[in-house]
file coords09.pdb (PDB, C-alpha atoms)
ATOM      1  CA  MET A   1      81.218 121.465 141.186
ATOM      2  CA  SER A   2      81.717 123.234 144.496
ATOM      3  CA  ALA A   3      81.673 122.103 148.099
ATOM      4  CA  LEU A   4      78.215 121.254 149.386
ATOM      5  CA  THR A   5      77.043 121.929 152.916
ATOM      6  CA  VAL A   6      75.284 118.814 154.172
ATOM      7  CA  ASP A   7      74.101 119.796 157.619
ATOM      8  CA  PRO A   8      74.127 122.956 159.694
ATOM      9  CA  ALA A   9      76.058 123.414 162.887
ATOM     10  CA  PRO A  10      74.751 121.471 165.872
ATOM     11  CA  GLY A  11      71.427 122.813 167.028
ATOM     12  CA  PRO A  12      70.211 123.128 170.591
ATOM     13  CA  GLY A  13      71.049 119.964 172.486
ATOM     14  CA  GLN A  14      73.633 118.780 169.944
ATOM     15  CA  ASP A  15      77.306 118.541 170.800
ATOM     16  CA  TRP A  16      80.608 117.374 169.307
ATOM     17  CA  ASP A  17      79.597 113.691 169.470
ATOM     18  CA  ASP A  18      76.387 114.472 167.549
ATOM     19  CA  LEU A  19      78.351 116.335 164.875
ATOM     20  CA  VAL A  20      80.829 113.449 164.527
ATOM     21  CA  ARG A  21      77.923 111.000 164.209
ATOM     22  CA  ILE A  22      76.419 113.113 161.404
ATOM     23  CA  TRP A  23      79.845 113.173 159.698
ATOM     24  CA  GLU A  24      80.226 109.403 160.006
ATOM     25  CA  GLU A  25      76.737 108.792 158.609
ATOM     26  CA  THR A  26      76.989 111.189 155.660
ATOM     27  CA  ASP A  27      76.558 109.112 152.506
ATOM     28  CA  ALA A  28      78.606 110.893 149.846
ATOM     29  CA  PRO A  29      79.442 109.643 146.358
ATOM     30  CA  GLU A  30      82.643 107.598 146.130
ATOM     31  CA  GLY A  31      85.760 109.731 145.932
ATOM     32  CA  CYS A  32      84.170 112.767 147.573
ATOM     33  CA  LYS A  33      85.740 114.222 150.681
ATOM     34  CA  VAL A  34      83.482 114.651 153.714
ATOM     35  CA  GLU A  35      84.822 117.028 156.366
ATOM     36  CA  ILE A  36      83.603 119.120 159.267
ATOM     37  CA  ILE A  37      84.782 122.686 158.804
ATOM     38  CA  GLU A  38      83.741 125.203 161.449
ATOM     39  CA  GLU A  39      80.984 122.877 162.693
ATOM     40  CA  ILE A  40      79.508 122.369 159.203
ATOM     41  CA  VAL A  41      79.633 118.991 157.479
ATOM     42  CA  THR A  42      80.845 119.615 153.921
ATOM     43  CA  VAL A  43      81.176 117.370 150.886
ATOM     44  CA  SER A  44      83.726 118.229 148.197
ATOM     45  CA  PRO A  45      83.961 116.595 144.786
ATOM     46  CA  PRO A  46      86.828 114.237 143.946
ATOM     47  CA  PRO A  47      90.062 116.125 143.210
ATOM     48  CA  SER A  48      91.304 116.733 139.668
ATOM     49  CA  LYS A  49      94.037 114.733 137.956
ATOM     50  CA  ASP A  50      96.542 117.584 138.470
ATOM     51  CA  HIS A  51      95.625 117.730 142.164
ATOM     52  CA  ASN A  52      96.232 113.981 142.528
ATOM     53  CA  THR A  53      99.489 114.185 140.572
ATOM     54  CA  THR A  54     100.758 116.943 142.880
ATOM     55  CA  ALA A  55      99.942 114.810 145.941
ATOM     56  CA  ALA A  56     101.641 111.770 144.411
ATOM     57  CA  LEU A  57     104.813 113.684 143.479
ATOM     58  CA  LEU A  58     105.103 115.189 146.947
ATOM     59  CA  GLN A  59     104.383 111.881 148.650
ATOM     60  CA  ARG A  60     107.146 110.182 146.639
ATOM     61  CA  ARG A  61     109.644 112.840 147.801
ATOM     62  CA  LEU A  62     108.545 112.673 151.438
ATOM     63  CA  TYR A  63     109.058 108.904 151.591
ATOM     64  CA  THR A  64     112.772 109.475 150.939
ATOM     65  CA  VAL A  65     113.218 111.413 154.195
ATOM     66  CA  ILE A  66     110.734 110.198 156.809
ATOM     67  CA  PRO A  67     111.678 107.665 159.504
ATOM     68  CA  GLU A  68     110.560 104.038 159.131
ATOM     69  CA  ASP A  69     107.924 104.398 161.857
ATOM     70  CA  TRP A  70     106.186 107.355 160.153
ATOM     71  CA  GLU A  71     103.645 107.076 157.332
ATOM     72  CA  ILE A  72     101.983 109.357 154.816
ATOM     73  CA  TYR A  73      98.192 109.155 154.605
ATOM     74  CA  GLN A  74      95.800 110.596 152.018
ATOM     75  CA  THR A  75      92.442 109.908 153.652
ATOM     76  CA  LEU A  76      93.147 110.059 157.385
ATOM     77  CA  GLY A  77      90.837 112.346 159.344
ATOM     78  CA  LEU A  78      92.341 114.843 161.767
ATOM     79  CA  SER A  79      90.125 115.687 164.714
ATOM     80  CA  LEU A  80      89.958 119.302 165.919
ATOM     81  CA  PRO A  81      87.064 119.301 168.401
ATOM     82  CA  GLY A  82      88.031 122.704 169.813
ATOM     83  CA  ARG A  83      87.580 124.145 166.303
ATOM     84  CA  GLY A  84      84.490 122.122 165.479
ATOM     85  CA  GLY A  85      86.341 120.247 162.778
ATOM     86  CA  ILE A  86      87.409 117.011 161.239
ATOM     87  CA  TYR A  87      89.724 117.791 158.355
ATOM     88  CA  ILE A  88      90.916 115.306 155.782
ATOM     89  CA  PRO A  89      94.128 116.775 154.415
ATOM     90  CA  ASP A  90      95.497 115.825 151.033
ATOM     91  CA  LEU A  91      98.547 114.397 152.812
ATOM     92  CA  VAL A  92      99.375 113.983 156.477
ATOM     93  CA  VAL A  93     102.577 112.621 157.974
ATOM     94  CA  VAL A  94     102.055 110.932 161.327
ATOM     95  CA  ASP A  95     103.764 108.144 163.204
ATOM     96  CA  ARG A  96     102.286 104.735 162.423
ATOM     97  CA  ALA A  97     101.412 103.920 166.050
ATOM     98  CA  THR A  98      99.135 106.967 166.251
ATOM     99  CA  ALA A  99      97.284 106.008 163.067
ATOM    100  CA  THR A 100      96.843 102.345 163.998
ATOM    101  CA  GLY A 101      93.739 100.991 165.697
ATOM    102  CA  PRO A 102      90.002 101.586 165.644
ATOM    103  CA  GLY A 103      88.325 104.796 164.549
ATOM    104  CA  ASN A 104      88.517 107.179 161.617
ATOM    105  CA  THR A 105      90.519 110.076 163.056
ATOM    106  CA  VAL A 106      93.614 110.993 165.010
ATOM    107  CA  PRO A 107      94.121 114.176 167.039
ATOM    108  CA  ALA A 108      95.384 116.903 164.696
ATOM    109  CA  GLU A 109      98.202 117.819 167.082
ATOM    110  CA  GLU A 110      99.777 114.410 166.403
ATOM    111  CA  ALA A 111     100.508 115.355 162.772
ATOM    112  CA  ARG A 112     104.154 116.041 161.911
ATOM    113  CA  LEU A 113     103.232 117.657 158.591
ATOM    114  CA  VAL A 114      99.902 118.435 156.967
ATOM    115  CA  VAL A 115      99.579 119.247 153.261
ATOM    116  CA  GLU A 116      96.567 120.840 151.609
ATOM    117  CA  ILE A 117      96.386 121.372 147.851
ATOM    118  CA  THR A 118      93.757 123.915 146.916
ATOM    119  CA  SER A 119      90.996 123.123 144.502
ATOM    120  CA  ARG A 120      88.925 125.802 142.837
ATOM    121  CA  ALA A 121      85.860 124.600 144.777
ATOM    122  CA  ASN A 122      87.329 124.843 148.278
ATOM    123  CA  ALA A 123      90.412 127.067 148.123
ATOM    124  CA  ASN A 124      89.149 129.439 150.821
ATOM    125  CA  HIS A 125      88.667 126.582 153.280
ATOM    126  CA  ASP A 126      92.329 125.654 152.818
ATOM    127  CA  ARG A 127      93.610 129.270 152.850
ATOM    128  CA  VAL A 128      91.648 130.506 155.857
ATOM    129  CA  SER A 129      89.683 127.975 157.929
ATOM    130  CA  LYS A 130      92.266 125.203 157.813
ATOM    131  CA  VAL A 131      95.272 127.486 158.366
ATOM    132  CA  ASN A 132      93.561 128.755 161.515
ATOM    133  CA  GLY A 133      92.385 125.306 162.596
ATOM    134  CA  TYR A 134      95.751 123.613 162.185
ATOM    135  CA  ALA A 135      97.527 126.453 163.998
ATOM    136  CA  LYS A 136      95.109 126.344 166.925
ATOM    137  CA  ALA A 137      95.521 122.540 167.106
ATOM    138  CA  GLY A 138      99.306 122.948 167.264
ATOM    139  CA  VAL A 139     100.167 121.102 164.030
ATOM    140  CA  GLU A 140     103.949 121.517 163.675
ATOM    141  CA  LEU A 141     104.144 122.184 159.931
ATOM    142  CA  PHE A 142     101.443 122.996 157.393
ATOM    143  CA  LEU A 143     102.269 123.150 153.685
ATOM    144  CA  LEU A 144      99.696 124.880 151.496
ATOM    145  CA  LEU A 145     100.117 124.200 147.786
ATOM    146  CA  ASP A 146      97.927 126.725 145.996
ATOM    147  CA  PRO A 147      97.787 126.431 142.208
ATOM    148  CA  TRP A 148      94.787 128.823 142.256
ATOM    149  CA  HIS A 149      96.532 131.693 144.100
ATOM    150  CA  SER A 150      95.842 134.941 142.198
ATOM    151  CA  GLY A 151      96.940 133.450 138.903
ATOM    152  CA  ARG A 152     100.395 132.773 140.397
ATOM    153  CA  PRO A 153     100.596 129.299 141.888
ATOM    154  CA  THR A 154     102.347 129.395 145.268
ATOM    155  CA  ALA A 155     103.625 127.096 147.983
ATOM    156  CA  THR A 156     103.476 128.413 151.544
ATOM    157  CA  LEU A 157     104.986 126.685 154.544
ATOM    158  CA  TYR A 158     103.509 127.565 157.941
ATOM    159  CA  GLY A 159     105.083 126.563 161.233
ATOM    160  CA  GLU A 160     105.956 127.463 164.807
ATOM    161  CA  PRO A 161     102.325 127.637 165.986
ATOM    162  CA  GLU A 162     101.998 129.868 169.016
ATOM    163  CA  ASP A 163      98.793 131.030 170.692
ATOM    164  CA  GLY A 164      96.786 129.600 167.802
ATOM    165  CA  THR A 165      98.683 131.447 165.081
ATOM    166  CA  TYR A 166     101.252 130.278 162.562
ATOM    167  CA  ARG A 167     104.355 132.005 161.414
ATOM    168  CA  VAL A 168     104.874 131.952 157.633
ATOM    169  CA  LEU A 169     108.209 130.173 157.294
ATOM    170  CA  GLU A 170     108.491 130.489 153.512
ATOM    171  CA  THR A 171     106.378 131.334 150.448
ATOM    172  CA  VAL A 172     107.524 130.689 146.892
ATOM    173  CA  GLU A 173     105.927 130.774 143.477
ATOM    174  CA  TYR A 174     105.783 127.436 141.684
ATOM    175  CA  GLY A 175     109.053 126.897 139.879
ATOM    176  CA  ARG A 176     111.195 127.828 142.883
ATOM    177  CA  GLU A 177     112.535 125.675 145.696
ATOM    178  CA  LEU A 178     110.981 125.471 149.162
ATOM    179  CA  THR A 179     112.736 123.854 152.122
ATOM    180  CA  LEU A 180     110.945 121.679 154.643
ATOM    181  CA  PRO A 181     112.956 121.992 157.871
ATOM    182  CA  GLU A 182     114.082 119.137 160.104
ATOM    183  CA  PRO A 183     112.975 116.522 160.848
ATOM    184  CA  PHE A 184     112.359 116.430 157.077
ATOM    185  CA  GLY A 185     115.356 118.347 155.757
ATOM    186  CA  LEU A 186     113.902 118.294 152.244
ATOM    187  CA  VAL A 187     114.323 120.810 149.442
ATOM    188  CA  LEU A 188     111.224 120.714 147.213
ATOM    189  CA  ASP A 189     111.348 121.787 143.592
ATOM    190  CA  THR A 190     107.833 123.205 143.197
ATOM    191  CA  GLY A 191     108.373 123.434 139.448
ATOM    192  CA  VAL A 192     107.431 119.752 139.117
ATOM    193  CA  PHE A 193     103.870 120.361 140.321
ATOM    194  CA  PRO A 194     101.287 120.734 137.556
ATOM    195  CA  ILE A 195      99.445 124.033 137.280
ATOM    196  CA  SER A 196      95.696 123.546 137.041
TER     197      SER A 196
END
call {"tool": "encode", "arguments": {"input": "coords09.pdb", "output": "structure tokens"}}
result
Amino acid sequence: MSALTVDPAPGPGQDWDDLVRIWEETDAPEGCKVEIIEEIVTVSPPPSKDHNTTAALLQRRLYTVIPEDWEIYQTLGLSLPGRGGIYIPDLVVVDRATATGPGNTVPAEEARLVVEITSRANANHDRVSKVNGYAKAGVELFLLLDPWHSGRPTATLYGEPEDGTYRVLETVEYGRELTLPEPFGLVLDTGVFPIS
């Protein structure tokens, strides 16, 4: 199953608030991910077992290095109104105070680390739209785990966003180590991630 477009971009007289309302009111099957990507509300199917296992393995490692007042979320929306988006990354590290309170989203620029794990259905969103969106929002670090990359699963760490563009800090094929810089200071063995 692939991603499904639910509603077109806002028409005449619609604005960001209208798009967010449509997103909030979209009734998707349980487990599906509803996002706004480039002003289009999309619904993606639930992730595979390997996808979930990758997220769980990475989350377990991240908990060993993050400060007590930071958390790791799997369903927290990141708001990017300047990019016409609300993304729901596979993992996002943000301080607890930012993620506490009413509402369904936090400003994307508040994220310390965002992780997207590609699925066959939406890999291009993660590789193109979200890389650009997170960079323009000023997200400090973006880790793209791509088991579908040209038959060679890869992990790419983006960082140092400047003028809406990331610098590629490191790219490795699965099986090699990738280092998340401070404040994480974590060496990841990508060989533990399942290959879909």
call {"tool": "resolve_selection", "arguments": {"input": "coords09.pdb", "expression": "the PyMOL selection byres ((chain A and resi 35) around 8)", "output": "list in words"}}
result
Trp23, Lys33, Val34, Ile36, Ile37, Val41, Thr42, Val43, Gly85, Ile86, Tyr87 and Ile88 of chain A
call {"tool": "resolve_selection", "arguments": {"input": "coords09.pdb", "expression": "the PyMOL selection byres ((chain A and resi 140-153) around 7)", "output": "PDB file with C-alpha atoms, keeping the file's coordinate frame"}}
result
ATOM      1  CA  ARG A 112     104.154 116.041 161.911  1.00  0.00           C
ATOM      2  CA  LEU A 113     103.232 117.657 158.591  1.00  0.00           C
ATOM      3  CA  VAL A 114      99.902 118.435 156.967  1.00  0.00           C
ATOM      4  CA  VAL A 115      99.579 119.247 153.261  1.00  0.00           C
ATOM      5  CA  GLU A 116      96.567 120.840 151.609  1.00  0.00           C
ATOM      6  CA  ILE A 117      96.386 121.372 147.851  1.00  0.00           C
ATOM      7  CA  THR A 118      93.757 123.915 146.916  1.00  0.00           C
ATOM      8  CA  ARG A 120      88.925 125.802 142.837  1.00  0.00           C
ATOM      9  CA  GLY A 138      99.306 122.948 167.264  1.00  0.00           C
ATOM     10  CA  VAL A 139     100.167 121.102 164.030  1.00  0.00           C
ATOM     11  CA  THR A 154     102.347 129.395 145.268  1.00  0.00           C
ATOM     12  CA  ALA A 155     103.625 127.096 147.983  1.00  0.00           C
ATOM     13  CA  THR A 156     103.476 128.413 151.544  1.00  0.00           C
ATOM     14  CA  LEU A 157     104.986 126.685 154.544  1.00  0.00           C
ATOM     15  CA  TYR A 158     103.509 127.565 157.941  1.00  0.00           C
ATOM     16  CA  GLY A 159     105.083 126.563 161.233  1.00  0.00           C
ATOM     17  CA  GLU A 160     105.956 127.463 164.807  1.00  0.00           C
ATOM     18  CA  PRO A 161     102.325 127.637 165.986  1.00  0.00           C
ATOM     19  CA  GLU A 173     105.927 130.774 143.477  1.00  0.00           C
ATOM     20  CA  TYR A 174     105.783 127.436 141.684  1.00  0.00           C
ATOM     21  CA  ILE A 195      99.445 124.033 137.280  1.00  0.00           C
ATOM     22  CA  SER A 196      95.696 123.546 137.041  1.00  0.00           C
TER      23      SER A 196
END
call {"tool": "closest_residue", "arguments": {"input": "coords09.pdb", "among": "A:Gly84, A:Pro194, A:Gly101, A:Pro107", "to": "A:Gly133", "atoms": "only C-alpha atoms"}}
result
A:Gly84
call {"tool": "resolve_selection", "arguments": {"input": "coords09.pdb", "expression": "the PyMOL selection byres ((chain A and resi 180) around 10)", "output": "PDB file with C-alpha atoms, in the coordinates of the input"}}
result
ATOM      1  CA  LEU A  62     108.545 112.673 151.438  1.00  0.00           C
ATOM      2  CA  LEU A 113     103.232 117.657 158.591  1.00  0.00           C
ATOM      3  CA  LEU A 141     104.144 122.184 159.931  1.00  0.00           C
ATOM      4  CA  PHE A 142     101.443 122.996 157.393  1.00  0.00           C
ATOM      5  CA  LEU A 143     102.269 123.150 153.685  1.00  0.00           C
ATOM      6  CA  LEU A 157     104.986 126.685 154.544  1.00  0.00           C
ATOM      7  CA  LEU A 169     108.209 130.173 157.294  1.00  0.00           C
ATOM      8  CA  GLU A 170     108.491 130.489 153.512  1.00  0.00           C
ATOM      9  CA  GLU A 177     112.535 125.675 145.696  1.00  0.00           C
ATOM     10  CA  LEU A 178     110.981 125.471 149.162  1.00  0.00           C
ATOM     11  CA  THR A 179     112.736 123.854 152.122  1.00  0.00           C
ATOM     12  CA  PRO A 181     112.956 121.992 157.871  1.00  0.00           C
ATOM     13  CA  GLU A 182     114.082 119.137 160.104  1.00  0.00           C
ATOM     14  CA  PRO A 183     112.975 116.522 160.848  1.00  0.00           C
ATOM     15  CA  PHE A 184     112.359 116.430 157.077  1.00  0.00           C
ATOM     16  CA  GLY A 185     115.356 118.347 155.757  1.00  0.00           C
ATOM     17  CA  LEU A 186     113.902 118.294 152.244  1.00  0.00           C
ATOM     18  CA  VAL A 187     114.323 120.810 149.442  1.00  0.00           C
ATOM     19  CA  LEU A 188     111.224 120.714 147.213  1.00  0.00           C
TER      20      LEU A 188
END
call {"tool": "closest_residue", "arguments": {"input": "coords09.pdb", "among": "A:Asp90, A:Glu71, A:Asp18, A:Glu110", "to": "A:Pro46", "atoms": "all atoms listed in the file"}}
result
A:Asp90
call {"tool": "atom_distance", "arguments": {"input": "coords09.pdb", "atom1": "atom CA of A:Ala97", "atom2": "atom CA of A:Tyr63"}}
result
17.1 Å
call {"tool": "atom_distance", "arguments": {"input": "coords09.pdb", "atom1": "atom CA of A:Gln74", "atom2": "atom CA of A:Ala55"}}
result
8.5 Å
call {"tool": "closest_residue", "arguments": {"input": "coords09.pdb", "among": "A:Ala111, A:Ile66, A:Val106, A:Val192", "to": "A:Asp50", "atoms": "only C-alpha atoms"}}
result
A:Val192
call {"tool": "atom_distance", "arguments": {"input": "coords09.pdb", "atom1": "atom CA of A:Arg96", "atom2": "atom CA of A:Val128"}}
result
28.6 Å
